[in-house]
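Text of structure-v2.pdb (PDB, C-alpha atoms) as supplied:
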MODEL        1
ATOM      1  CA  MET A   1       0.000   0.000   0.000  1.00  0.00           C
ATOM      2  CA  THR A   2       3.015   2.328  -0.111  1.00  0.00           C
ATOM      3  CA  GLY A   3       2.139   3.467  -3.624  1.00  0.00           C
ATOM      4  CA  PHE A   4      -1.449   4.216  -2.621  1.00  0.00           C
ATOM      5  CA  GLN A   5      -0.332   6.211   0.418  1.00  0.00           C
ATOM      6  CA  THR A   6       2.171   8.192  -1.649  1.00  0.00           C
ATOM      7  CA  LEU A   7      -0.335   9.036  -4.387  1.00  0.00           C
ATOM      8  CA  LEU A   8      -2.961   9.994  -1.808  1.00  0.00           C
ATOM      9  CA  TYR A   9      -0.465  12.227  -0.023  1.00  0.00           C
ATOM     10  CA  LYS A  10       0.480  13.831  -3.342  1.00  0.00           C
ATOM     11  CA  GLU A  11      -3.183  14.562  -4.136  1.00  0.00           C
ATOM     12  CA  LEU A  12      -3.857  15.992  -0.676  1.00  0.00           C
ATOM     13  CA  LEU A  13      -0.730  18.134  -0.803  1.00  0.00           C
ATOM     14  CA  ARG A  14      -1.681  19.338  -4.262  1.00  0.00           C
ATOM     15  CA  PHE A  15      -4.817  21.179  -3.125  1.00  0.00           C
ATOM     16  CA  TRP A  16      -3.548  22.061   0.332  1.00  0.00           C
ATOM     17  CA  LYS A  17      -0.536  23.966  -1.051  1.00  0.00           C
ATOM     18  CA  VAL A  18      -2.916  26.363  -2.809  1.00  0.00           C
ATOM     19  CA  SER A  19      -5.614  26.377  -0.117  1.00  0.00           C
ATOM     20  CA  PHE A  20      -6.358  30.064  -0.682  1.00  0.00           C
ATOM     21  CA  GLN A  21      -7.641  29.113  -4.127  1.00  0.00           C
ATOM     22  CA  THR A  22      -9.022  25.640  -3.442  1.00  0.00           C
ATOM     23  CA  ILE A  23     -10.602  26.179  -0.009  1.00  0.00           C
ATOM     24  CA  ALA A  24     -10.925  29.880   0.869  1.00  0.00           C
ATOM     25  CA  ALA A  25     -12.294  30.986  -2.536  1.00  0.00           C
ATOM     26  CA  PRO A  26     -15.202  28.472  -2.613  1.00  0.00           C
ATOM     27  CA  ILE A  27     -16.149  29.404   0.946  1.00  0.00           C
ATOM     28  CA  LEU A  28     -16.263  33.078  -0.052  1.00  0.00           C
ATOM     29  CA  THR A  29     -18.415  32.230  -3.090  1.00  0.00           C
ATOM     30  CA  ALA A  30     -20.915  30.357  -0.912  1.00  0.00           C
ATOM     31  CA  MET A  31     -21.034  33.280   1.502  1.00  0.00           C
ATOM     32  CA  LEU A  32     -21.883  35.647  -1.368  1.00  0.00           C
ATOM     33  CA  TYR A  33     -24.731  33.348  -2.467  1.00  0.00           C
ATOM     34  CA  LEU A  34     -26.047  33.315   1.094  1.00  0.00           C
ATOM     35  CA  LEU A  35     -25.808  37.075   1.517  1.00  0.00           C
ATOM     36  CA  VAL A  36     -27.543  37.823  -1.789  1.00  0.00           C
ATOM     37  CA  PHE A  37     -30.323  35.234  -1.687  1.00  0.00           C
ATOM     38  CA  GLY A  38     -30.776  35.390   2.075  1.00  0.00           C
ATOM     39  CA  HIS A  39     -31.047  39.180   2.058  1.00  0.00           C
ATOM     40  CA  VAL A  40     -33.508  39.273  -0.840  1.00  0.00           C
ATOM     41  CA  LEU A  41     -35.782  36.382   0.144  1.00  0.00           C
ATOM     42  CA  GLU A  42     -35.531  36.241   3.951  1.00  0.00           C
ATOM     43  CA  GLY A  43     -39.003  36.842   5.376  1.00  0.00           C
ATOM     44  CA  ARG A  44     -40.651  36.370   1.978  1.00  0.00           C
ATOM     45  CA  VAL A  45     -40.114  32.633   1.505  1.00  0.00           C
ATOM     46  CA  GLU A  46     -40.771  29.846   4.003  1.00  0.00           C
ATOM     47  CA  VAL A  47     -39.934  26.444   2.534  1.00  0.00           C
ATOM     48  CA  TYR A  48     -40.471  24.400   5.709  1.00  0.00           C
ATOM     49  CA  PRO A  49     -42.728  25.497   8.601  1.00  0.00           C
ATOM     50  CA  GLY A  50     -40.721  27.315  11.252  1.00  0.00           C
ATOM     51  CA  VAL A  51     -37.499  27.288   9.184  1.00  0.00           C
ATOM     52  CA  SER A  52     -36.165  30.611   7.914  1.00  0.00           C
ATOM     53  CA  TYR A  53     -35.028  30.814   4.309  1.00  0.00           C
ATOM     54  CA  THR A  54     -31.452  31.581   5.373  1.00  0.00           C
ATOM     55  CA  ALA A  55     -31.364  28.475   7.553  1.00  0.00           C
ATOM     56  CA  PHE A  56     -32.836  26.471   4.644  1.00  0.00           C
ATOM     57  CA  LEU A  57     -30.050  27.687   2.349  1.00  0.00           C
ATOM     58  CA  ILE A  58     -27.110  26.817   4.617  1.00  0.00           C
ATOM     59  CA  PRO A  59     -27.121  22.977   4.249  1.00  0.00           C
ATOM     60  CA  GLY A  60     -27.748  23.245   0.509  1.00  0.00           C
ATOM     61  CA  LEU A  61     -24.865  25.660  -0.025  1.00  0.00           C
ATOM     62  CA  ALA A  62     -22.530  23.534   2.094  1.00  0.00           C
ATOM     63  CA  MET A  63     -23.403  20.415   0.093  1.00  0.00           C
ATOM     64  CA  MET A  64     -23.209  22.241  -3.246  1.00  0.00           C
ATOM     65  CA  SER A  65     -19.720  23.494  -2.393  1.00  0.00           C
ATOM     66  CA  LEU A  66     -18.692  20.007  -1.301  1.00  0.00           C
ATOM     67  CA  LEU A  67     -19.867  18.449  -4.564  1.00  0.00           C
ATOM     68  CA  GLN A  68     -18.342  21.040  -6.878  1.00  0.00           C
ATOM     69  CA  ASN A  69     -14.960  20.972  -5.164  1.00  0.00           C
ATOM     70  CA  ALA A  70     -14.777  17.189  -5.005  1.00  0.00           C
ATOM     71  CA  PHE A  71     -15.315  17.112  -8.763  1.00  0.00           C
ATOM     72  CA  ALA A  72     -12.795  19.887  -9.364  1.00  0.00           C
ATOM     73  CA  ASN A  73     -10.069  18.140  -7.391  1.00  0.00           C
ATOM     74  CA  SER A  74      -9.922  14.820  -9.214  1.00  0.00           C
ATOM     75  CA  SER A  75     -10.799  16.188 -12.660  1.00  0.00           C
ATOM     76  CA  SER A  76      -8.219  18.991 -12.638  1.00  0.00           C
ATOM     77  CA  SER A  77      -5.492  16.713 -11.307  1.00  0.00           C
ATOM     78  CA  VAL A  78      -5.929  14.077 -14.028  1.00  0.00           C
ATOM     79  CA  ILE A  79      -6.320  16.498 -16.945  1.00  0.00           C
ATOM     80  CA  GLN A  80      -3.301  18.549 -15.854  1.00  0.00           C
ATOM     81  CA  SER A  81      -1.203  15.400 -15.606  1.00  0.00           C
ATOM     82  CA  LYS A  82      -2.318  14.297 -19.070  1.00  0.00           C
ATOM     83  CA  VAL A  83      -1.766  17.671 -20.739  1.00  0.00           C
ATOM     84  CA  THR A  84       1.660  18.244 -19.172  1.00  0.00           C
ATOM     85  CA  GLY A  85       2.706  14.632 -19.748  1.00  0.00           C
ATOM     86  CA  ASN A  86       3.598  13.800 -16.145  1.00  0.00           C
ATOM     87  CA  ILE A  87       0.830  11.174 -15.974  1.00  0.00           C
ATOM     88  CA  ILE A  88       3.584   8.754 -16.983  1.00  0.00           C
ATOM     89  CA  PHE A  89       5.131   9.064 -13.527  1.00  0.00           C
ATOM     90  CA  ILE A  90       1.883   7.821 -11.993  1.00  0.00           C
ATOM     91  CA  LEU A  91       1.375   5.005 -14.509  1.00  0.00           C
ATOM     92  CA  LEU A  92       4.928   3.624 -14.354  1.00  0.00           C
ATOM     93  CA  PRO A  93       4.964   2.563 -10.659  1.00  0.00           C
ATOM     94  CA  PRO A  94       3.336  -0.808  -9.892  1.00  0.00           C
ATOM     95  CA  LEU A  95       0.040   0.684  -8.717  1.00  0.00           C
ATOM     96  CA  SER A  96      -3.086  -1.412  -9.082  1.00  0.00           C
ATOM     97  CA  HIS A  97      -6.124   0.181 -10.711  1.00  0.00           C
ATOM     98  CA  GLY A  98      -7.855   0.057  -7.317  1.00  0.00           C
ATOM     99  CA  GLU A  99      -5.062   2.001  -5.624  1.00  0.00           C
ATOM    100  CA  PHE A 100      -5.095   4.574  -8.447  1.00  0.00           C
ATOM    101  CA  PHE A 101      -8.872   4.930  -8.157  1.00  0.00           C
ATOM    102  CA  TRP A 102      -9.124   5.230  -4.384  1.00  0.00           C
ATOM    103  CA  ALA A 103      -6.244   7.677  -4.014  1.00  0.00           C
ATOM    104  CA  TYR A 104      -7.915  10.190  -6.341  1.00  0.00           C
ATOM    105  CA  VAL A 105     -11.445   9.639  -5.007  1.00  0.00           C
ATOM    106  CA  ILE A 106     -10.493   9.854  -1.319  1.00  0.00           C
ATOM    107  CA  ALA A 107      -8.449  13.022  -1.892  1.00  0.00           C
ATOM    108  CA  ALA A 108     -11.359  14.572  -3.815  1.00  0.00           C
ATOM    109  CA  ALA A 109     -13.825  13.661  -1.065  1.00  0.00           C
ATOM    110  CA  ILE A 110     -11.527  15.123   1.597  1.00  0.00           C
ATOM    111  CA  ARG A 111     -11.243  18.420  -0.259  1.00  0.00           C
ATOM    112  CA  GLY A 112     -15.010  18.499  -0.653  1.00  0.00           C
ATOM    113  CA  LEU A 113     -15.530  17.771   3.041  1.00  0.00           C
ATOM    114  CA  VAL A 114     -13.072  20.481   4.075  1.00  0.00           C
ATOM    115  CA  VAL A 115     -14.779  23.090   1.885  1.00  0.00           C
ATOM    116  CA  GLY A 116     -18.276  21.964   2.903  1.00  0.00           C
ATOM    117  CA  ALA A 117     -17.376  22.078   6.600  1.00  0.00           C
ATOM    118  CA  GLY A 118     -15.830  25.518   6.106  1.00  0.00           C
ATOM    119  CA  VAL A 119     -18.954  26.830   4.383  1.00  0.00           C
ATOM    120  CA  PHE A 120     -21.176  25.397   7.111  1.00  0.00           C
ATOM    121  CA  ALA A 121     -19.030  26.828   9.926  1.00  0.00           C
ATOM    122  CA  VAL A 122     -18.843  30.312   8.402  1.00  0.00           C
ATOM    123  CA  THR A 123     -22.533  30.531   7.471  1.00  0.00           C
ATOM    124  CA  LEU A 124     -23.661  29.538  10.968  1.00  0.00           C
ATOM    125  CA  PHE A 125     -22.894  33.124  12.011  1.00  0.00           C
ATOM    126  CA  THR A 126     -25.854  34.257   9.904  1.00  0.00           C
ATOM    127  CA  SER A 127     -28.516  31.861  11.228  1.00  0.00           C
ATOM    128  CA  ALA A 128     -28.912  29.098  13.807  1.00  0.00           C
ATOM    129  CA  VAL A 129     -29.407  25.686  12.198  1.00  0.00           C
ATOM    130  CA  PRO A 130     -30.494  22.592  14.181  1.00  0.00           C
ATOM    131  CA  TRP A 131     -28.578  19.364  13.613  1.00  0.00           C
ATOM    132  CA  PRO A 132     -30.533  16.435  15.066  1.00  0.00           C
ATOM    133  CA  SER A 133     -29.046  13.724  12.797  1.00  0.00           C
ATOM    134  CA  PRO A 134     -25.314  14.269  12.180  1.00  0.00           C
ATOM    135  CA  LEU A 135     -24.870  10.640  11.072  1.00  0.00           C
ATOM    136  CA  TRP A 136     -27.210  11.207   8.139  1.00  0.00           C
ATOM    137  CA  ALA A 137     -25.262  14.332   7.218  1.00  0.00           C
ATOM    138  CA  LEU A 138     -21.925  12.499   7.319  1.00  0.00           C
ATOM    139  CA  THR A 139     -23.284   9.612   5.241  1.00  0.00           C
ATOM    140  CA  PHE A 140     -24.597  11.842   2.457  1.00  0.00           C
ATOM    141  CA  ALA A 141     -21.506  14.061   2.574  1.00  0.00           C
ATOM    142  CA  LEU A 142     -19.176  11.073   2.157  1.00  0.00           C
ATOM    143  CA  LEU A 143     -21.257   9.510  -0.617  1.00  0.00           C
ATOM    144  CA  GLY A 144     -21.717  12.843  -2.389  1.00  0.00           C
ATOM    145  CA  GLY A 145     -18.015  13.638  -2.230  1.00  0.00           C
ATOM    146  CA  GLY A 146     -17.222  10.130  -3.440  1.00  0.00           C
ATOM    147  CA  ILE A 147     -19.637  10.332  -6.378  1.00  0.00           C
ATOM    148  CA  LEU A 148     -18.302  13.677  -7.572  1.00  0.00           C
ATOM    149  CA  GLY A 149     -14.732  12.481  -7.037  1.00  0.00           C
ATOM    150  CA  VAL A 150     -15.476   9.509  -9.309  1.00  0.00           C
ATOM    151  CA  MET A 151     -17.200  11.734 -11.865  1.00  0.00           C
ATOM    152  CA  GLY A 152     -14.192  14.048 -11.835  1.00  0.00           C
ATOM    153  CA  LEU A 153     -11.886  11.096 -12.404  1.00  0.00           C
ATOM    154  CA  ILE A 154     -14.021   9.885 -15.316  1.00  0.00           C
ATOM    155  CA  ALA A 155     -14.098  13.388 -16.810  1.00  0.00           C
ATOM    156  CA  GLY A 156     -10.339  13.747 -16.432  1.00  0.00           C
ATOM    157  CA  ILE A 157      -9.756  10.407 -18.136  1.00  0.00           C
ATOM    158  CA  TRP A 158     -12.174  11.215 -20.962  1.00  0.00           C
ATOM    159  CA  ALA A 159     -11.021  14.787 -21.667  1.00  0.00           C
ATOM    160  CA  ASP A 160      -7.984  15.409 -23.859  1.00  0.00           C
ATOM    161  CA  LYS A 161      -7.757  19.164 -23.317  1.00  0.00           C
ATOM    162  CA  PHE A 162      -8.940  21.827 -20.914  1.00  0.00           C
ATOM    163  CA  ASP A 163     -11.867  23.084 -22.984  1.00  0.00           C
ATOM    164  CA  GLN A 164     -13.390  19.584 -23.009  1.00  0.00           C
ATOM    165  CA  MET A 165     -13.091  19.529 -19.230  1.00  0.00           C
ATOM    166  CA  ALA A 166     -14.676  22.976 -19.020  1.00  0.00           C
ATOM    167  CA  ALA A 167     -17.565  21.770 -21.194  1.00  0.00           C
ATOM    168  CA  PHE A 168     -18.111  18.754 -18.920  1.00  0.00           C
ATOM    169  CA  GLN A 169     -18.229  21.002 -15.862  1.00  0.00           C
ATOM    170  CA  ASN A 170     -20.304  23.819 -17.363  1.00  0.00           C
ATOM    171  CA  PHE A 171     -22.874  21.711 -19.207  1.00  0.00           C
ATOM    172  CA  ILE A 172     -23.233  18.730 -16.846  1.00  0.00           C
ATOM    173  CA  ILE A 173     -22.000  19.404 -13.315  1.00  0.00           C
ATOM    174  CA  MET A 174     -23.156  23.013 -12.911  1.00  0.00           C
ATOM    175  CA  PRO A 175     -26.730  22.513 -14.218  1.00  0.00           C
ATOM    176  CA  LEU A 176     -27.211  19.337 -12.169  1.00  0.00           C
ATOM    177  CA  THR A 177     -25.967  21.154  -9.070  1.00  0.00           C
ATOM    178  CA  PHE A 178     -28.002  24.333  -9.434  1.00  0.00           C
ATOM    179  CA  LEU A 179     -31.179  22.431 -10.383  1.00  0.00           C
ATOM    180  CA  SER A 180     -30.964  20.045  -7.436  1.00  0.00           C
ATOM    181  CA  GLY A 181     -32.989  22.079  -4.938  1.00  0.00           C
ATOM    182  CA  VAL A 182     -30.183  24.072  -3.337  1.00  0.00           C
ATOM    183  CA  PHE A 183     -32.160  27.331  -3.482  1.00  0.00           C
ATOM    184  CA  TYR A 184     -35.722  25.967  -3.450  1.00  0.00           C
ATOM    185  CA  SER A 185     -37.902  22.982  -2.627  1.00  0.00           C
ATOM    186  CA  VAL A 186     -38.955  20.911  -5.620  1.00  0.00           C
ATOM    187  CA  HIS A 187     -42.498  20.924  -4.208  1.00  0.00           C
ATOM    188  CA  SER A 188     -42.704  24.555  -5.322  1.00  0.00           C
ATOM    189  CA  LEU A 189     -42.245  23.487  -8.961  1.00  0.00           C
ATOM    190  CA  PRO A 190     -44.989  22.487 -11.438  1.00  0.00           C
ATOM    191  CA  PRO A 191     -45.642  18.717 -11.610  1.00  0.00           C
ATOM    192  CA  PHE A 192     -43.642  18.269 -14.831  1.00  0.00           C
ATOM    193  CA  TRP A 193     -40.515  19.899 -13.421  1.00  0.00           C
ATOM    194  CA  GLN A 194     -40.906  17.994 -10.170  1.00  0.00           C
ATOM    195  CA  GLY A 195     -40.680  14.792 -12.197  1.00  0.00           C
ATOM    196  CA  VAL A 196     -37.623  16.097 -14.040  1.00  0.00           C
ATOM    197  CA  SER A 197     -35.968  17.025 -10.733  1.00  0.00           C
ATOM    198  CA  HIS A 198     -36.473  13.475  -9.471  1.00  0.00           C
ATOM    199  CA  LEU A 199     -34.311  12.247 -12.363  1.00  0.00           C
ATOM    200  CA  ASN A 200     -31.393  14.334 -11.068  1.00  0.00           C
ATOM    201  CA  PRO A 201     -29.175  12.297  -8.698  1.00  0.00           C
ATOM    202  CA  PHE A 202     -27.809  15.518  -7.195  1.00  0.00           C
ATOM    203  CA  PHE A 203     -31.304  16.269  -5.888  1.00  0.00           C
ATOM    204  CA  TYR A 204     -31.181  13.186  -3.647  1.00  0.00           C
ATOM    205  CA  MET A 205     -27.759  14.163  -2.262  1.00  0.00           C
ATOM    206  CA  ILE A 206     -28.987  17.657  -1.366  1.00  0.00           C
ATOM    207  CA  ASP A 207     -32.359  16.506  -0.048  1.00  0.00           C
ATOM    208  CA  GLY A 208     -30.908  13.717   2.086  1.00  0.00           C
ATOM    209  CA  PHE A 209     -28.233  16.016   3.488  1.00  0.00           C
ATOM    210  CA  ARG A 210     -30.809  18.699   4.343  1.00  0.00           C
ATOM    211  CA  PHE A 211     -32.983  16.092   6.088  1.00  0.00           C
ATOM    212  CA  SER A 212     -30.270  15.622   8.714  1.00  0.00           C
ATOM    213  CA  PHE A 213     -30.737  19.250   9.796  1.00  0.00           C
ATOM    214  CA  PHE A 214     -34.492  19.795   9.740  1.00  0.00           C
ATOM    215  CA  GLY A 215     -35.944  16.290   9.908  1.00  0.00           C
ATOM    216  CA  VAL A 216     -38.094  16.991   6.836  1.00  0.00           C
ATOM    217  CA  SER A 217     -37.366  16.391   3.168  1.00  0.00           C
ATOM    218  CA  ASP A 218     -39.034  16.324  -0.232  1.00  0.00           C
ATOM    219  CA  VAL A 219     -38.618  12.538  -0.525  1.00  0.00           C
ATOM    220  CA  SER A 220     -37.847   9.751   1.947  1.00  0.00           C
ATOM    221  CA  PRO A 221     -34.219   9.879   3.151  1.00  0.00           C
ATOM    222  CA  TRP A 222     -34.027   6.098   2.717  1.00  0.00           C
ATOM    223  CA  LEU A 223     -34.970   6.478  -0.946  1.00  0.00           C
ATOM    224  CA  SER A 224     -32.319   9.187  -1.307  1.00  0.00           C
ATOM    225  CA  LEU A 225     -29.733   6.972   0.398  1.00  0.00           C
ATOM    226  CA  SER A 226     -30.483   3.994  -1.834  1.00  0.00           C
ATOM    227  CA  ILE A 227     -30.280   6.069  -5.039  1.00  0.00           C
ATOM    228  CA  VAL A 228     -27.100   7.865  -3.986  1.00  0.00           C
ATOM    229  CA  GLY A 229     -25.494   4.577  -2.914  1.00  0.00           C
ATOM    230  CA  ALA A 230     -26.448   2.906  -6.210  1.00  0.00           C
ATOM    231  CA  CYS A 231     -25.010   5.853  -8.167  1.00  0.00           C
ATOM    232  CA  PHE A 232     -21.720   5.617  -6.277  1.00  0.00           C
ATOM    233  CA  ALA A 233     -21.455   1.862  -6.820  1.00  0.00           C
ATOM    234  CA  GLY A 234     -22.323   2.063 -10.533  1.00  0.00           C
ATOM    235  CA  LEU A 235     -19.984   4.965 -11.301  1.00  0.00           C
ATOM    236  CA  SER A 236     -17.167   3.363  -9.311  1.00  0.00           C
ATOM    237  CA  LEU A 237     -17.421   0.080 -11.201  1.00  0.00           C
ATOM    238  CA  GLY A 238     -17.437   1.904 -14.535  1.00  0.00           C
ATOM    239  CA  CYS A 239     -14.473   4.076 -13.586  1.00  0.00           C
ATOM    240  CA  LEU A 240     -12.474   1.081 -12.353  1.00  0.00           C
ATOM    241  CA  GLN A 241     -13.021  -0.605 -15.702  1.00  0.00           C
ATOM    242  CA  LEU A 242     -11.755   2.489 -17.542  1.00  0.00           C
ATOM    243  CA  ILE A 243      -8.612   2.606 -15.392  1.00  0.00           C
ATOM    244  CA  LYS A 244      -8.025  -1.142 -15.721  1.00  0.00           C
ATOM    245  CA  ALA A 245      -8.344  -0.923 -19.506  1.00  0.00           C
ATOM    246  CA  GLY A 246      -6.045   2.116 -19.624  1.00  0.00           C
ATOM    247  CA  TYR A 247      -8.632   4.104 -21.594  1.00  0.00           C
ATOM    248  CA  LYS A 248      -6.969   7.381 -22.731  1.00  0.00           C
ATOM    249  CA  LEU A 249      -4.282   6.865 -20.089  1.00  0.00           C
ATOM    250  CA  ARG A 250      -1.922   4.331 -21.624  1.00  0.00           C
ATOM    251  CA  ARG A 251      -2.780   5.160 -25.228  1.00  0.00           C
TER     252      ARG A 251
ENDMDL
END

Is it possible to express this structure as structure tokens?
Amino acid sequence: MTGFQTLLYKELLRFWKVSFQTIAAPILTAMLYLLVFGHVLEGRVEVYPGVSYTAFLIPGLAMMSLLQNAFANSSSSVIQSKVTGNIIFILLPPLSHGEFFWAYVIAAAIRGLVVGAGVFAVTLFTSAVPWPSPLWALTFALLGGGILGVMGLIAGIWADKFDQMAAFQNFIIMPLTFLSGVFYSVHSLPPFWQGVSHLNPFFYMIDGFRFSFFGVSDVSPWLSLSIVGACFAGLSLGCLQLIKAGYKLRR
């Protein structure tokens, strides 16, 4: 496991060395979202009975930041290594495809967790948020970070240049994130768009994570957990097959 530990350490050090960009900047962005939307809609919107709109926003923003940064960590690392040509130094050592996979995914999840925890800690100064079920929150945070870490790894393997990676992030990750119920409850949407929202796996990550704070959700947390868990398992198996085959890595 020495190779796995070394690659994991390299991935952790990679984002920690530029923490002002990889950690502080996303926290500031989430704070700006909270200040703008909270200031405009506080007192005008009540999604759940007895829950202020600012309090409603905080878990969603924390989870959104976690997901986006988990994806950014693994995807940017792989595409940079491919474009600069130093991916060869990762492929040459006798690393198994499982060690390669888990080093990138764990590092991505850790970055996501650090940013998400930072967003949650900073935004608590604006509104008190109950937290009756921290185990639910940790479960969805870990699975969400893992899923986006795997998606980032798949995107990094698939992309050959930076504009392809940007397209993947701008046309897939960003829409799925913003249309997952971060800023609203899907029950406020027309029936057709409610059905469309239920096809978005990011919705179940956000909704399950928010359930741990307020004890209410748009769908059953067990349904959310089963869908999120199935997504993680399916994406992981597919990604492992890509790494094992050397798709766009060894060719």

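Proximity to Ile154 (chain A) was assessed for A:Ser188, A:Gln5, A:Ser74, A:Ser226 counting only C-alpha atoms; the smallest distance is recorded for A:Ser74.
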
*At what distance in Å, to one decimal, does CA of Asp207 (chain A) lie from CA of Ser133 (chain A)?*
13.6 Å

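Here the question is which of A:Thr29, A:Pro130, A:Val78, A:Ala109 gets nearest to Gly215 (chain A) using only C-alpha atoms, and that residue is A:Pro130.
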
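Matched in the shown structure by the PyMOL selection byres ((chain A and resi 82-87) around 9): Ser77, Val78, Ile79, Gln80, Ser81, Ile88, Phe89, Ile90, Leu91, Leu92, Gly156, Ile157, Asp160, Lys161, Phe162 and Leu249 of chain A.
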
_One-decimal distance in Å that lies between CA of Leu32 (chain A) and CA of Gly112 (chain A)_ = 18.5 Å

_Residue by residue, what does the PyMOL selection byres ((chain A and resi 119-121) around 12) grab here? Present the result as a PyMOL selection string._
chain A and resi 23-34+55-66+69+112-118+122-129+131+137+213

*For the atom pair CA of Gln169 (chain A) and CA of Val36 (chain A), what is the interatomic distance in Å to one decimal place?*
23.8 Å

*asked:* Just want the 12 Å neighbourhood of Leu223 (chain A), counted on all atoms listed in the file, with same-chain residues fewer than 4 positions away dropped. Output as number ranges by chain.
replied: A: 198, 201, 203-205, 207-208, 217-219, 227-230

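With all atoms listed in the file as the atoms that count, the minimum distance from Leu67 (chain A) to the choices A:Phe140, A:Phe20, A:Tyr247, A:Phe171 is reached by A:Phe140.
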
*Any idea what's packed within 12 Å of Ser96 (chain A), counting all atoms listed in the file, ignoring anything in its chain fewer than 5 positions away? Could you give it as an MDAnalysis selection string?*
chainID A and resid 1:4 7 90:91 101:103 240:241 243:246

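Distances here use only C-alpha atoms; by that measure, the residue among A:Met151, A:Ala159, A:Val18, A:Val47 closest to Val186 (chain A) is A:Val47.
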
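Among the candidates A:Glu42, A:Leu237, A:Val105, A:Tyr184, the one nearest to Leu8 (chain A) when counting all atoms listed in the file is A:Val105.
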
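For the set A:Lys17, A:Arg250, A:His187, A:Arg111, the residue with the smallest atom-to-atom gap to Phe71 (chain A) is A:Arg111, counting only C-alpha atoms.
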
Once N, CA and C atoms are restored for region 58-70 of chain A, what would the output be as a PDB file, keeping the file's coordinate frame?
ATOM      1  N   ILE A  58     -28.443  27.170   4.112  1.00  0.00           N
ATOM      2  CA  ILE A  58     -27.110  26.817   4.617  1.00  0.00           C
ATOM      3  C   ILE A  58     -26.721  25.368   4.294  1.00  0.00           C
ATOM      4  N   PRO A  59     -27.533  24.344   4.609  1.00  0.00           N
ATOM      5  CA  PRO A  59     -27.121  22.977   4.249  1.00  0.00           C
ATOM      6  C   PRO A  59     -26.963  22.780   2.744  1.00  0.00           C
ATOM      7  N   GLY A  60     -27.845  23.388   1.958  1.00  0.00           N
ATOM      8  CA  GLY A  60     -27.748  23.245   0.509  1.00  0.00           C
ATOM      9  C   GLY A  60     -26.478  23.844  -0.049  1.00  0.00           C
ATOM     10  N   LEU A  61     -26.100  25.028   0.437  1.00  0.00           N
ATOM     11  CA  LEU A  61     -24.865  25.660  -0.025  1.00  0.00           C
ATOM     12  C   LEU A  61     -23.642  24.870   0.399  1.00  0.00           C
ATOM     13  N   ALA A  62     -23.665  24.341   1.622  1.00  0.00           N
ATOM     14  CA  ALA A  62     -22.530  23.534   2.094  1.00  0.00           C
ATOM     15  C   ALA A  62     -22.361  22.296   1.223  1.00  0.00           C
ATOM     16  N   MET A  63     -23.480  21.629   0.908  1.00  0.00           N
ATOM     17  CA  MET A  63     -23.403  20.415   0.093  1.00  0.00           C
ATOM     18  C   MET A  63     -23.027  20.750  -1.345  1.00  0.00           C
ATOM     19  N   MET A  64     -23.561  21.837  -1.890  1.00  0.00           N
ATOM     20  CA  MET A  64     -23.209  22.241  -3.246  1.00  0.00           C
ATOM     21  C   MET A  64     -21.712  22.513  -3.353  1.00  0.00           C
ATOM     22  N   SER A  65     -21.158  23.210  -2.377  1.00  0.00           N
ATOM     23  CA  SER A  65     -19.720  23.494  -2.393  1.00  0.00           C
ATOM     24  C   SER A  65     -18.914  22.215  -2.283  1.00  0.00           C
ATOM     25  N   LEU A  66     -19.378  21.300  -1.440  1.00  0.00           N
ATOM     26  CA  LEU A  66     -18.692  20.007  -1.301  1.00  0.00           C
ATOM     27  C   LEU A  66     -18.649  19.281  -2.634  1.00  0.00           C
ATOM     28  N   LEU A  67     -19.785  19.195  -3.305  1.00  0.00           N
ATOM     29  CA  LEU A  67     -19.867  18.449  -4.564  1.00  0.00           C
ATOM     30  C   LEU A  67     -18.993  19.073  -5.642  1.00  0.00           C
ATOM     31  N   GLN A  68     -19.094  20.373  -5.817  1.00  0.00           N
ATOM     32  CA  GLN A  68     -18.342  21.040  -6.878  1.00  0.00           C
ATOM     33  C   GLN A  68     -16.838  20.928  -6.658  1.00  0.00           C
ATOM     34  N   ASN A  69     -16.394  21.023  -5.421  1.00  0.00           N
ATOM     35  CA  ASN A  69     -14.960  20.972  -5.164  1.00  0.00           C
ATOM     36  C   ASN A  69     -14.412  19.551  -5.189  1.00  0.00           C
ATOM     37  N   ALA A  70     -15.219  18.578  -4.852  1.00  0.00           N
ATOM     38  CA  ALA A  70     -14.777  17.189  -5.005  1.00  0.00           C
ATOM     39  C   ALA A  70     -14.553  16.874  -6.483  1.00  0.00           C
TER      40      ALA A  70
END
